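Just coords37.txt here, compact mmCIF, C-alpha atoms and all ligand atoms:
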# COMPACT_ATOMS: atom_id res chain seq x y z
CA MET A 123 11.68 19.56 -4.00
CA ALA A 124 10.59 17.69 -7.06
CA SER A 125 7.86 15.91 -8.93
CA VAL A 126 8.77 12.35 -9.94
CA THR A 127 7.86 10.80 -13.28
CA LEU A 128 8.55 7.30 -14.56
CA ARG A 129 8.01 6.51 -18.24
CA ASN A 130 7.74 2.87 -19.21
CA VAL A 131 10.55 1.75 -16.93
CA VAL A 132 11.84 -1.80 -17.40
CA LYS A 133 14.44 -3.29 -15.08
CA ARG A 134 15.80 -6.82 -15.51
CA TYR A 135 18.31 -8.59 -13.31
CA TYR A 136 20.79 -10.65 -15.28
CA THR A 137 21.59 -13.22 -12.62
CA LEU A 138 21.99 -16.93 -13.20
CA THR A 139 18.60 -18.61 -13.11
CA GLU A 140 17.68 -22.18 -13.97
CA SER A 141 15.74 -21.06 -17.02
CA GLY A 142 18.63 -18.89 -18.20
CA GLN A 143 16.18 -15.97 -18.44
CA PRO A 144 16.76 -12.66 -16.66
CA VAL A 145 14.59 -11.90 -13.62
CA THR A 146 12.10 -9.10 -14.21
CA GLY A 147 12.15 -6.42 -11.52
CA LEU A 148 9.96 -3.86 -13.32
CA ASN A 149 8.02 -4.64 -16.47
CA GLY A 150 6.96 -1.29 -17.90
CA VAL A 151 6.12 1.09 -15.05
CA SER A 152 4.73 4.57 -15.68
CA LEU A 153 3.89 6.87 -12.80
CA HIS A 154 3.63 10.59 -12.13
CA ILE A 155 3.87 11.98 -8.60
CA PRO A 156 3.31 15.75 -8.25
CA ASP A 157 5.66 17.74 -6.03
CA GLY A 158 4.86 17.34 -2.34
CA GLU A 159 2.58 14.34 -2.64
CA THR A 160 2.93 11.20 -0.49
CA VAL A 161 2.42 7.98 -2.41
CA SER A 162 2.30 4.47 -0.98
CA VAL A 163 3.44 1.50 -3.03
CA VAL A 164 1.91 -1.80 -1.92
CA GLY A 165 2.10 -5.34 -3.24
CA PRO A 166 3.27 -8.84 -2.32
CA SER A 167 6.92 -9.70 -1.69
CA GLY A 168 8.95 -9.86 -4.91
CA CYS A 169 6.58 -7.68 -6.97
CA GLY A 170 9.24 -5.00 -7.60
CA LYS A 171 8.62 -2.40 -4.87
CA SER A 172 12.27 -2.09 -3.80
CA THR A 173 13.40 -2.12 -7.43
CA LEU A 174 11.07 0.82 -8.11
CA LEU A 175 12.62 2.82 -5.26
CA LYS A 176 16.17 1.94 -6.34
CA VAL A 177 15.50 3.10 -9.88
CA ILE A 178 14.17 6.42 -8.54
CA ALA A 179 17.13 6.75 -6.16
CA GLY A 180 19.68 5.97 -8.88
CA LEU A 181 20.89 2.79 -7.16
CA GLU A 182 19.72 0.80 -10.21
CA ILE A 183 19.74 1.98 -13.83
CA PRO A 184 16.71 0.88 -15.87
CA ASP A 185 17.15 -1.23 -19.02
CA GLU A 186 14.42 0.79 -20.74
CA GLY A 187 12.39 3.92 -20.04
CA GLN A 188 13.07 7.15 -18.19
CA VAL A 189 13.08 8.64 -14.71
CA LEU A 190 12.43 12.39 -14.49
CA PHE A 191 12.60 14.82 -11.56
CA ASN A 192 10.72 18.04 -12.31
CA GLN A 193 10.53 16.94 -15.97
CA THR A 194 14.34 16.72 -16.17
CA ASP A 195 15.70 13.34 -17.23
CA VAL A 196 17.78 11.85 -14.39
CA THR A 197 17.76 8.26 -15.68
CA THR A 198 21.55 7.95 -15.72
CA LEU A 199 22.37 10.59 -13.09
CA PRO A 200 24.34 9.02 -10.21
CA ALA A 201 22.54 8.59 -6.88
CA GLN A 202 24.62 11.23 -5.04
CA ALA A 203 23.59 13.89 -7.57
CA ARG A 204 19.83 13.29 -7.25
CA GLY A 205 19.21 14.70 -3.78
CA VAL A 206 17.25 11.68 -2.63
CA GLY A 207 16.84 10.61 1.01
CA MET A 208 16.24 6.92 1.70
CA VAL A 209 15.13 5.07 4.82
CA PHE A 210 15.28 1.28 4.77
CA GLN A 211 13.90 -1.47 6.92
CA ASP A 212 17.29 -1.96 8.57
CA TYR A 213 17.94 1.67 9.58
CA ALA A 214 21.46 1.90 8.09
CA LEU A 215 22.66 4.22 10.84
CA TYR A 216 26.31 4.32 11.88
CA PRO A 217 25.90 2.18 15.00
CA ALA A 218 28.90 3.29 17.06
CA LYS A 219 28.08 6.97 16.77
CA GLU A 220 25.77 8.92 18.97
CA GLY A 221 22.48 10.03 17.46
CA GLU A 222 23.68 13.59 17.02
CA ASP A 223 26.84 12.51 15.22
CA ASN A 224 24.64 10.49 12.90
CA LEU A 225 22.91 13.69 11.95
CA SER A 226 25.96 15.91 11.65
CA TYR A 227 28.19 13.35 9.91
CA TYR A 228 26.92 14.62 6.57
CA PHE A 229 28.17 18.09 7.37
CA GLU A 230 31.53 16.88 8.62
CA VAL A 231 32.11 15.02 5.39
CA ARG A 232 31.27 18.16 3.49
CA LYS A 233 33.46 20.43 5.66
CA ARG A 234 30.75 22.77 6.86
CA THR A 235 31.34 25.08 9.81
CA GLU A 236 30.58 24.03 13.37
CA GLU A 237 27.92 26.72 13.68
CA GLU A 238 26.18 25.74 10.48
CA LYS A 239 26.19 22.15 11.64
CA ALA A 240 24.83 22.88 15.11
CA GLN A 241 22.18 25.20 13.71
CA ARG A 242 20.88 22.61 11.24
CA VAL A 243 20.85 19.84 13.86
CA ARG A 244 18.81 22.12 16.13
CA GLU A 245 16.34 22.93 13.37
CA VAL A 246 15.78 19.31 12.50
CA ALA A 247 15.49 18.28 16.15
CA GLU A 248 12.81 20.92 16.57
CA LEU A 249 10.97 19.66 13.51
CA MET A 250 11.15 16.10 14.80
CA GLY A 251 9.25 17.11 17.91
CA ILE A 252 9.12 16.39 21.62
CA GLY A 253 11.72 14.06 23.07
CA PHE A 254 13.89 13.97 20.00
CA GLU A 255 16.81 15.88 21.51
CA THR A 256 17.32 13.29 24.23
CA LEU A 257 17.75 10.67 21.48
CA LEU A 258 20.59 12.67 20.02
CA GLU A 259 22.68 12.24 23.16
CA ARG A 260 22.45 8.47 23.12
CA GLN A 261 24.59 5.81 21.45
CA VAL A 262 22.73 4.43 18.41
CA ASP A 263 23.02 0.78 19.46
CA THR A 264 21.20 1.63 22.72
CA LEU A 265 18.18 3.00 20.83
CA SER A 266 15.00 0.98 20.27
CA GLY A 267 13.84 0.14 16.76
CA GLY A 268 11.36 2.99 16.68
CA GLU A 269 13.91 5.49 18.00
CA LYS A 270 16.48 4.38 15.43
CA GLN A 271 13.93 4.90 12.73
CA ARG A 272 13.32 8.47 13.93
CA VAL A 273 17.04 9.21 13.86
CA GLY A 274 17.19 7.60 10.40
CA ILE A 275 14.44 9.89 9.16
CA ALA A 276 16.09 12.92 10.73
CA ARG A 277 19.34 11.99 9.03
CA CYS A 278 17.54 12.10 5.67
CA ILE A 279 15.70 15.31 6.42
CA ILE A 280 18.81 17.21 7.45
CA ARG A 281 20.05 16.91 3.88
CA ASP A 282 17.00 18.70 2.46
CA PRO A 283 16.18 15.95 -0.04
CA ASN A 284 14.14 16.61 -3.20
CA VAL A 285 12.50 13.24 -2.79
CA PHE A 286 12.09 11.04 0.26
CA LEU A 287 12.01 7.24 -0.24
CA MET A 288 11.06 4.76 2.50
CA ASP A 289 11.30 1.01 1.99
CA GLU A 290 9.23 -0.88 4.59
CA PRO A 291 10.73 1.35 7.29
CA ILE A 292 8.71 -0.06 10.18
CA SER A 293 8.21 -3.72 9.30
CA ASN A 294 10.86 -4.74 11.88
CA LEU A 295 8.94 -3.17 14.76
CA ASP A 296 6.38 -4.92 16.94
CA ALA A 297 2.69 -4.23 16.30
CA LYS A 298 2.16 -1.59 18.96
CA LEU A 299 5.30 0.37 18.08
CA ARG A 300 4.48 0.05 14.38
CA GLU A 301 1.21 1.84 14.91
CA ARG A 302 2.82 4.63 16.92
CA THR A 303 5.71 5.04 14.50
CA ARG A 304 3.52 5.17 11.43
CA ILE A 305 1.52 8.01 12.98
CA GLU A 306 4.80 9.77 13.71
CA ILE A 307 6.15 9.26 10.18
CA ARG A 308 2.89 10.47 8.63
CA ARG A 309 3.01 13.61 10.79
CA LEU A 310 6.62 14.33 9.82
CA VAL A 311 6.11 13.68 6.10
CA LYS A 312 3.15 16.08 6.05
CA LYS A 313 5.13 18.69 7.95
CA PHE A 314 8.13 18.50 5.63
CA GLY A 315 5.96 18.60 2.51
CA ILE A 316 8.61 16.64 0.59
CA THR A 317 7.57 14.33 -2.26
CA THR A 318 7.54 10.94 -0.52
CA ILE A 319 7.26 7.37 -1.75
CA TYR A 320 6.46 4.88 0.99
CA VAL A 321 6.80 1.15 0.27
CA THR A 322 5.00 -1.49 2.31
CA HIS A 323 3.47 -4.95 1.85
CA ASP A 324 0.72 -4.04 4.35
CA GLN A 325 -2.41 -2.59 2.74
CA GLN A 326 -3.61 -0.89 5.93
CA GLU A 327 -0.27 0.86 6.32
CA ALA A 328 -0.37 1.87 2.64
CA VAL A 329 -3.82 3.38 3.06
CA PHE A 330 -2.74 5.22 6.20
CA MET A 331 0.47 6.69 4.74
CA GLY A 332 -0.40 7.62 1.17
CA ASP A 333 -2.47 10.42 -0.36
CA ARG A 334 -2.61 7.97 -3.25
CA ILE A 335 -1.67 4.31 -3.48
CA ALA A 336 0.05 2.36 -6.26
CA VAL A 337 -0.81 -1.35 -6.22
CA MET A 338 1.93 -3.52 -7.75
CA ARG A 339 1.99 -7.10 -8.94
CA ALA A 340 4.74 -8.93 -10.86
CA GLY A 341 6.67 -5.83 -11.92
CA VAL A 342 3.72 -3.70 -13.02
CA ILE A 343 1.46 -1.14 -11.38
CA GLU A 344 -2.02 -2.61 -11.53
CA GLN A 345 -3.75 0.57 -10.35
CA PHE A 346 -2.76 3.98 -8.97
CA GLY A 347 -5.37 6.05 -7.18
CA THR A 348 -6.92 7.27 -3.97
CA PHE A 349 -8.31 4.85 -1.41
CA ASP A 350 -11.81 5.50 -2.80
CA ASP A 351 -10.65 4.72 -6.35
CA LEU A 352 -9.14 1.40 -5.29
CA TYR A 353 -11.96 0.48 -2.91
CA TYR A 354 -14.99 1.37 -5.04
CA THR A 355 -13.63 1.07 -8.59
CA PRO A 356 -10.85 -1.56 -8.51
CA VAL A 357 -9.67 -2.47 -12.02
CA ASN A 358 -9.45 -6.18 -11.26
CA LEU A 359 -9.93 -8.88 -8.68
CA PHE A 360 -6.34 -8.57 -7.40
CA VAL A 361 -6.79 -4.92 -6.38
CA ALA A 362 -10.32 -5.57 -5.10
CA THR A 363 -9.21 -8.30 -2.69
CA LEU A 364 -6.00 -6.53 -1.59
CA ILE A 365 -7.72 -3.34 -0.39
CA GLY A 366 -10.21 -3.60 2.49
CA THR A 367 -10.34 -5.54 5.76
CA PRO A 368 -11.91 -8.01 6.20
CA PRO A 369 -11.45 -8.66 2.46
CA MET A 370 -14.17 -8.81 -0.18
CA ALA A 371 -15.81 -12.22 -0.63
CA ILE A 372 -15.40 -13.66 -4.14
CA LEU A 373 -18.09 -16.11 -5.22
CA PRO A 374 -18.34 -18.07 -8.49
CA SER A 375 -21.68 -17.53 -10.23
CA THR A 376 -23.48 -17.81 -13.55
CA HIS A 377 -25.50 -15.00 -15.12
CA HIS A 378 -28.44 -15.57 -17.46
CA ASP A 379 -31.75 -13.84 -18.21
CA GLY A 380 -31.78 -11.44 -15.30
CA THR A 381 -30.75 -13.99 -12.70
CA LEU A 382 -27.53 -14.93 -10.98
CA ASP A 383 -27.09 -18.56 -10.01
CA LEU A 384 -24.73 -19.40 -7.19
CA PHE A 385 -24.51 -22.40 -4.89
CA GLY A 386 -27.85 -23.70 -6.20
CA VAL A 387 -29.67 -20.45 -5.37
CA SER A 388 -31.12 -18.15 -8.08
CA LEU A 389 -31.00 -14.46 -7.19
CA THR A 390 -32.88 -11.87 -9.28
CA LEU A 391 -30.66 -9.04 -10.56
CA PRO A 392 -31.93 -5.48 -11.08
CA ALA A 393 -32.70 -5.11 -14.81
CA ALA A 394 -30.13 -2.36 -15.44
CA LEU A 395 -27.37 -4.34 -13.74
CA SER A 396 -28.24 -7.51 -15.64
CA ALA A 397 -28.23 -5.59 -18.94
CA SER A 398 -24.69 -4.36 -18.24
CA LEU A 399 -23.27 -7.84 -17.61
CA PRO A 400 -22.40 -10.55 -20.16
CA PRO A 401 -24.15 -13.93 -19.85
CA GLY A 402 -22.21 -16.91 -18.52
CA PRO A 403 -19.77 -17.46 -15.66
CA LEU A 404 -18.88 -14.39 -13.56
CA ARG A 405 -17.29 -13.79 -10.19
CA LEU A 406 -19.42 -11.86 -7.75
CA GLY A 407 -17.57 -9.72 -5.18
CA VAL A 408 -19.24 -8.52 -1.97
CA ARG A 409 -17.57 -6.54 0.82
CA PRO A 410 -18.59 -7.10 4.48
CA GLU A 411 -20.87 -4.05 4.41
CA GLY A 412 -22.47 -5.11 1.10
CA TRP A 413 -24.71 -7.85 2.50
CA VAL A 414 -28.39 -7.73 3.50
CA VAL A 415 -28.88 -9.94 6.56
CA ASP A 416 -32.15 -11.88 6.83
CA PRO A 417 -33.59 -10.40 3.61
CA GLN A 418 -37.35 -10.02 3.74
CA GLU A 419 -37.80 -10.66 0.02
CA GLY A 420 -36.44 -13.29 -2.33
CA PRO A 421 -34.11 -16.22 -1.75
CA ALA A 422 -30.95 -15.94 0.35
CA LEU A 423 -27.55 -17.62 0.62
CA ARG A 424 -26.72 -19.62 3.73
CA LEU A 425 -23.51 -18.58 5.50
CA THR A 426 -21.93 -21.03 7.94
CA VAL A 427 -20.65 -18.76 10.71
CA ARG A 428 -17.28 -19.70 12.24
CA HIS A 429 -16.75 -16.67 14.43
CA ILE A 430 -18.25 -13.29 15.30
CA GLU A 431 -15.62 -10.68 16.11
CA ARG A 432 -16.94 -7.71 18.06
CA ILE A 433 -15.10 -4.41 17.47
CA TYR A 434 -16.20 -2.31 20.41
CA THR A 435 -14.37 0.81 19.28
CA GLU A 436 -16.32 0.77 15.99
CA ARG A 437 -19.62 -0.31 17.59
CA ALA A 438 -19.75 -3.08 14.99
CA ALA A 439 -19.15 -6.83 14.58
CA TYR A 440 -17.91 -9.02 11.74
CA ALA A 441 -19.28 -12.51 11.19
CA SER A 442 -16.73 -14.62 9.36
CA GLY A 443 -17.52 -17.97 7.85
CA GLU A 444 -17.99 -19.62 4.51
CA ILE A 445 -20.42 -20.54 1.81
CA ASP A 446 -19.42 -23.83 0.20
CA GLY A 447 -15.77 -23.32 1.18
CA HIS A 448 -15.57 -19.67 0.01
CA PRO A 449 -14.66 -17.25 2.83
CA VAL A 450 -17.24 -14.54 3.52
CA SER A 451 -17.33 -11.73 6.12
CA VAL A 452 -20.50 -9.86 7.02
CA LEU A 453 -20.79 -6.55 8.88
CA LEU A 454 -23.30 -6.74 11.74
CA PRO A 455 -24.51 -4.50 14.57
CA LEU A 456 -22.29 -4.85 17.66
CA ASP A 457 -25.02 -6.58 19.69
CA PHE A 458 -26.00 -9.13 17.02
CA PRO A 459 -26.58 -12.46 18.83
CA GLU A 460 -24.31 -15.51 18.38
CA THR A 461 -25.58 -17.79 15.62
CA PRO A 462 -24.29 -20.80 13.65
CA HIS A 463 -25.87 -19.63 10.36
CA LEU A 464 -26.86 -16.41 8.62
CA ALA A 465 -29.25 -15.89 5.71
CA ILE A 466 -27.68 -13.21 3.48
CA SER A 467 -28.12 -11.74 0.02
CA PRO A 468 -26.04 -9.11 -1.80
CA ASN A 469 -27.09 -5.47 -1.73
CA TRP A 470 -26.82 -5.02 -5.53
CA GLU A 471 -25.91 -1.34 -5.22
CA GLN A 472 -22.68 -2.43 -3.53
CA ALA A 473 -21.90 -5.50 -5.66
CA TYR A 474 -18.77 -6.02 -7.81
CA PHE A 475 -18.48 -8.31 -10.85
CA PHE A 476 -15.33 -9.71 -12.40
CA ALA A 477 -14.69 -11.72 -15.57
CA ALA A 478 -14.28 -15.37 -14.61
CA GLU A 479 -11.13 -15.82 -16.72
CA SER A 480 -9.28 -12.49 -16.94
CA GLU A 481 -10.40 -11.29 -13.49
CA ALA A 482 -10.93 -7.79 -14.95
CA ALA A 483 -13.66 -5.73 -13.30
CA LEU A 484 -16.91 -5.72 -15.34
CA HIS A 485 -19.00 -3.73 -12.90
CA THR A 486 -18.09 -1.80 -9.71
CA PRO A 487 -20.32 0.32 -7.47
CA GLY A 488 -18.22 3.50 -7.69
CA ALA A 489 -17.68 5.81 -4.74
CA PRO A 490 -20.92 6.55 -2.89
CA ALA A 491 -22.38 10.04 -3.27
CA LEU A 492 -22.29 11.58 0.19
CA PHE A 493 -24.97 14.20 -0.35
P1 LIG B 501 9.87 -6.38 -3.42
O1 LIG B 501 10.62 -5.24 -2.85
O2 LIG B 501 8.49 -6.01 -3.88
O3 LIG B 501 9.80 -7.56 -2.49
P2 LIG B 501 12.08 -6.51 -5.30
O4 LIG B 501 12.02 -5.24 -6.04
O5 LIG B 501 13.09 -6.64 -4.24
O6 LIG B 501 10.63 -6.88 -4.75
O7 LIG B 501 12.34 -7.70 -6.34
C1 LIG B 501 11.62 -7.85 -7.56
C2 LIG B 501 12.15 -9.08 -8.29
O8 LIG B 501 13.49 -8.86 -8.69
C3 LIG B 501 12.17 -10.33 -7.43
O9 LIG B 501 11.88 -11.44 -8.25
C4 LIG B 501 13.59 -10.39 -6.93
O10 LIG B 501 13.97 -11.70 -6.66
C5 LIG B 501 14.36 -9.81 -8.09
N1 LIG B 501 15.59 -9.12 -7.66
C6 LIG B 501 15.66 -8.01 -6.88
N2 LIG B 501 16.93 -7.62 -6.72
C7 LIG B 501 17.69 -8.48 -7.41
C8 LIG B 501 19.09 -8.62 -7.63
N3 LIG B 501 19.98 -7.75 -7.12
N4 LIG B 501 19.52 -9.66 -8.41
C9 LIG B 501 18.64 -10.53 -8.93
N5 LIG B 501 17.32 -10.46 -8.77
C10 LIG B 501 16.83 -9.46 -8.01
MG MG B 502 11.48 -4.97 -0.95
Take the structure in the file and write it out as structure tokens.
Amino acid sequence: MASVTLRNVVKRYYTLTESGQPVTGLNGVSLHIPDGETVSVVGPSGCGKSTLLKVIAGLEIPDEGQVLFNQTDVTTLPAQARGVGMVFQDYALYPAKEGEDNLSYYFEVRKRTEEEKAQRVREVAELMGIGFETLLERQVDTLSGGEKQRVGIARCIIRDPNVFLMDEPISNLDAKLRERTRIEIRRLVKKFGITTIYVTHDQQEAVFMGDRIAVMRAGVIEQFGTFDDLYYTPVNLFVATLIGTPPMAILPSTHHDGTLDLFGVSLTLPAALSASLPPGPLRLGVRPEGWVVDPQEGPALRLTVRHIERIYTERAAYASGEIDGHPVSVLLPLDFPETPHLAISPNWEQAYFFAAESEAALHTPGAPALF
């Protein structure tokens, strides 16, 4: 088992492009993952997630920077020597073999004894839990997507990897199976206690899988932290709008002399908040739970309601609509009546502010104190 450290890793792809410039996969990535931790990597398609995993696995060699396992430099160590297990989107099982052969193939190649092989397969099957042994007797191409993924994971685990890498392992599955499989993977990863890096483009999946989450954009890690870090103290507008469903509303506004002007309405800011913000154009961010509905004091914004979605399992509802073309979601009690409009104003203790140009966070609420 190993900790994983990246120091200023740059990876360029020298393929023919119209501009003649190399394509940037990673543009200076530093990251430290302690032994045994599960980290999610999330970001839009093309941001460098797979490149990051390949550099850690040894399938790509960085142009600059270092990769370390347990503080030992492995930057140029070949993939086979790193003890890394990888699960991809497309399973990469040997299709004509039965599930069990897929597991024991590794031992055959390495000329281990029959007993050793059988023993290890049994151990892993036990670890994988109920129903797994029946999968082992079946031909791989008769397995469902979720079952293949379980065999794929088992095939990694049987090798006792130092580091476990998963690249969008369940994005090929349908929604229902995805949910079940991600619970299963999370359970297994926790049980194995192996350092795991889990790549996904889905923020909810990232939050579910990772103890901490690295948010990537255009070859760099924008922020690395716990869900609370990313949710309550995002470093910029990109992270703020990526994490959280429904997403944070972002509204253009102007700050001057203790007031915030937006959409022709002047809202009074608390003095301390106003003092911490520069004058001029700002972007106000408000999450669904950060609105006061029908405020008793002061002016309010007028939300045009398009739809109220009632989430019975959470005993809550979300009104979604817009203010002057800007999408806004508002958390409501489950039994809130249907309405075409809502009067809302921000709860300033839960408000976020971003620089209009750079989109850097200027003020965030921070994680709430629970006691
Ligand atoms: P992600 O996994 O987040 O979708 P990737 O790491 O696959 O992103 O890709 C990052 C960038 O590097 C993209 O612009 C992609 O087109 C480019 N890229 C990835 N692999 C190669 C390759 N083998 N040759 C050329 N460009 C590549
Ligand atoms: Mg990818």
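Checking A:Lys298, A:His154, A:His323, A:His463 one by one against ligand MG 502 (chain B), counting only C-alpha atoms and all ligand atoms, you find the shortest gap at A:His323.
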Using all atoms listed in the file, the best pick from A:Asp263, A:Glu471, A:Asp350, A:Glu306 as closest to Leu395 of chain A would be A:Glu471
Å distance separating atom CA of Ser467 of chain A from atom CA of Gly412 of chain A, one decimal place: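 Value for the atom CA of Ser467 of chain A-atom CA of Gly412 of chain A distance: 8.8 Å.
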Contacts of segment 324-326 of chain A at 8 Å or less, counting only C-alpha atoms, minus same-chain residues fewer than 5 places along, as a PyMOL selection string? chain A and resi 164-165+364-366
Throw together the list of residues within 10 Å of ligand MG 502 (chain B), counting all atoms listed in the file, and drop it here as number ranges by chain. A: 165-176, 210-211, 289-290, 321-323
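With all atoms listed in the file as the basis for measurement, A:Glu182 is the residue among A:Glu444, A:Glu248, A:Glu238, A:Glu182 that approaches Pro200 of chain A most closely.
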At a cut-off of 10 Å, using all atoms listed in the file, what residues contact segment 448-461 of chain A? Leave out same-chain residues fewer than 2 positions from it and give the result as a ChimeraX atom specification. /A:367-374,407-415,425-446,463-464,466
Would you mind exporting the chosen residues as a short mmCIF file (atom, residue, chain, number, x, y, z; two decimals), keeping the file's coordinate frame, restricted to C-alpha atoms?
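To be explicit, this is the file written out as result.cif:
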data_model
loop_
_atom_site.label_atom_id
_atom_site.label_comp_id
_atom_site.auth_asym_id
_atom_site.auth_seq_id
_atom_site.Cartn_x
_atom_site.Cartn_y
_atom_site.Cartn_z
CA THR A 367 -10.34 -5.54 5.76
CA PRO A 368 -11.91 -8.01 6.20
CA PRO A 369 -11.45 -8.66 2.46
CA MET A 370 -14.17 -8.81 -0.18
CA ALA A 371 -15.81 -12.22 -0.63
CA ILE A 372 -15.40 -13.66 -4.14
CA LEU A 373 -18.09 -16.11 -5.22
CA PRO A 374 -18.34 -18.07 -8.49
CA GLY A 407 -17.57 -9.72 -5.18
CA VAL A 408 -19.24 -8.52 -1.97
CA ARG A 409 -17.57 -6.54 0.82
CA PRO A 410 -18.59 -7.10 4.48
CA GLU A 411 -20.87 -4.05 4.41
CA GLY A 412 -22.47 -5.11 1.10
CA TRP A 413 -24.71 -7.85 2.50
CA VAL A 414 -28.39 -7.73 3.50
CA VAL A 415 -28.88 -9.94 6.56
CA LEU A 425 -23.51 -18.58 5.50
CA THR A 426 -21.93 -21.03 7.94
CA VAL A 427 -20.65 -18.76 10.71
CA ARG A 428 -17.28 -19.70 12.24
CA HIS A 429 -16.75 -16.67 14.43
CA ILE A 430 -18.25 -13.29 15.30
CA GLU A 431 -15.62 -10.68 16.11
CA ARG A 432 -16.94 -7.71 18.06
CA ILE A 433 -15.10 -4.41 17.47
CA TYR A 434 -16.20 -2.31 20.41
CA THR A 435 -14.37 0.81 19.28
CA GLU A 436 -16.32 0.77 15.99
CA ARG A 437 -19.62 -0.31 17.59
CA ALA A 438 -19.75 -3.08 14.99
CA ALA A 439 -19.15 -6.83 14.58
CA TYR A 440 -17.91 -9.02 11.74
CA ALA A 441 -19.28 -12.51 11.19
CA SER A 442 -16.73 -14.62 9.36
CA GLY A 443 -17.52 -17.97 7.85
CA GLU A 444 -17.99 -19.62 4.51
CA ILE A 445 -20.42 -20.54 1.81
CA ASP A 446 -19.42 -23.83 0.20
CA HIS A 463 -25.87 -19.63 10.36
CA LEU A 464 -26.86 -16.41 8.62
CA ILE A 466 -27.68 -13.21 3.48
#
Give me, as number ranges by chain, all polymer residues having an atom no more than 9 Å from Phe349 of chain A, counting all atoms listed in the file and skipping those fewer than 6 positions away in the same chain. A: 329, 332-335, 365
Missing atoms in segment 369-382 of chain A: fill them in up to N, CA and C atoms and send the result as a PDB file, in the frame of the given file.
ATOM      1  N   PRO A 369     -11.402  -8.805   3.910  1.00  0.00           N
ATOM      2  CA  PRO A 369     -11.450  -8.660   2.460  1.00  0.00           C
ATOM      3  C   PRO A 369     -12.813  -8.993   1.845  1.00  0.00           C
ATOM      4  N   MET A 370     -12.977  -8.521   0.615  1.00  0.00           N
ATOM      5  CA  MET A 370     -14.170  -8.810  -0.180  1.00  0.00           C
ATOM      6  C   MET A 370     -14.310 -10.326  -0.386  1.00  0.00           C
ATOM      7  N   ALA A 371     -15.548 -10.818  -0.291  1.00  0.00           N
ATOM      8  CA  ALA A 371     -15.810 -12.220  -0.630  1.00  0.00           C
ATOM      9  C   ALA A 371     -15.909 -12.349  -2.148  1.00  0.00           C
ATOM     10  N   ILE A 372     -15.342 -13.419  -2.698  1.00  0.00           N
ATOM     11  CA  ILE A 372     -15.400 -13.660  -4.140  1.00  0.00           C
ATOM     12  C   ILE A 372     -16.124 -14.991  -4.360  1.00  0.00           C
ATOM     13  N   LEU A 373     -17.248 -14.924  -5.078  1.00  0.00           N
ATOM     14  CA  LEU A 373     -18.090 -16.110  -5.220  1.00  0.00           C
ATOM     15  C   LEU A 373     -18.319 -16.433  -6.700  1.00  0.00           C
ATOM     16  N   PRO A 374     -18.087 -17.687  -7.103  1.00  0.00           N
ATOM     17  CA  PRO A 374     -18.340 -18.070  -8.490  1.00  0.00           C
ATOM     18  C   PRO A 374     -19.841 -18.099  -8.765  1.00  0.00           C
ATOM     19  N   SER A 375     -20.254 -17.600  -9.931  1.00  0.00           N
ATOM     20  CA  SER A 375     -21.680 -17.530 -10.230  1.00  0.00           C
ATOM     21  C   SER A 375     -21.892 -17.613 -11.734  1.00  0.00           C
ATOM     22  N   THR A 376     -23.145 -17.794 -12.132  1.00  0.00           N
ATOM     23  CA  THR A 376     -23.480 -17.810 -13.550  1.00  0.00           C
ATOM     24  C   THR A 376     -24.643 -16.854 -13.792  1.00  0.00           C
ATOM     25  N   HIS A 377     -24.496 -16.017 -14.814  1.00  0.00           N
ATOM     26  CA  HIS A 377     -25.500 -15.000 -15.120  1.00  0.00           C
ATOM     27  C   HIS A 377     -26.285 -15.395 -16.359  1.00  0.00           C
ATOM     28  N   HIS A 378     -27.604 -15.384 -16.264  1.00  0.00           N
ATOM     29  CA  HIS A 378     -28.440 -15.570 -17.460  1.00  0.00           C
ATOM     30  C   HIS A 378     -29.823 -14.996 -17.228  1.00  0.00           C
ATOM     31  N   ASP A 379     -30.356 -14.322 -18.215  1.00  0.00           N
ATOM     32  CA  ASP A 379     -31.750 -13.840 -18.210  1.00  0.00           C
ATOM     33  C   ASP A 379     -32.161 -13.154 -16.923  1.00  0.00           C
ATOM     34  N   GLY A 380     -31.371 -12.222 -16.473  1.00  0.00           N
ATOM     35  CA  GLY A 380     -31.780 -11.440 -15.300  1.00  0.00           C
ATOM     36  C   GLY A 380     -31.591 -12.140 -13.977  1.00  0.00           C
ATOM     37  N   THR A 381     -30.996 -13.322 -13.987  1.00  0.00           N
ATOM     38  CA  THR A 381     -30.750 -13.990 -12.700  1.00  0.00           C
ATOM     39  C   THR A 381     -29.285 -14.363 -12.558  1.00  0.00           C
ATOM     40  N   LEU A 382     -28.889 -14.505 -11.311  1.00  0.00           N
ATOM     41  CA  LEU A 382     -27.530 -14.930 -10.980  1.00  0.00           C
ATOM     42  C   LEU A 382     -27.641 -16.211 -10.166  1.00  0.00           C
TER      43      LEU A 382
END
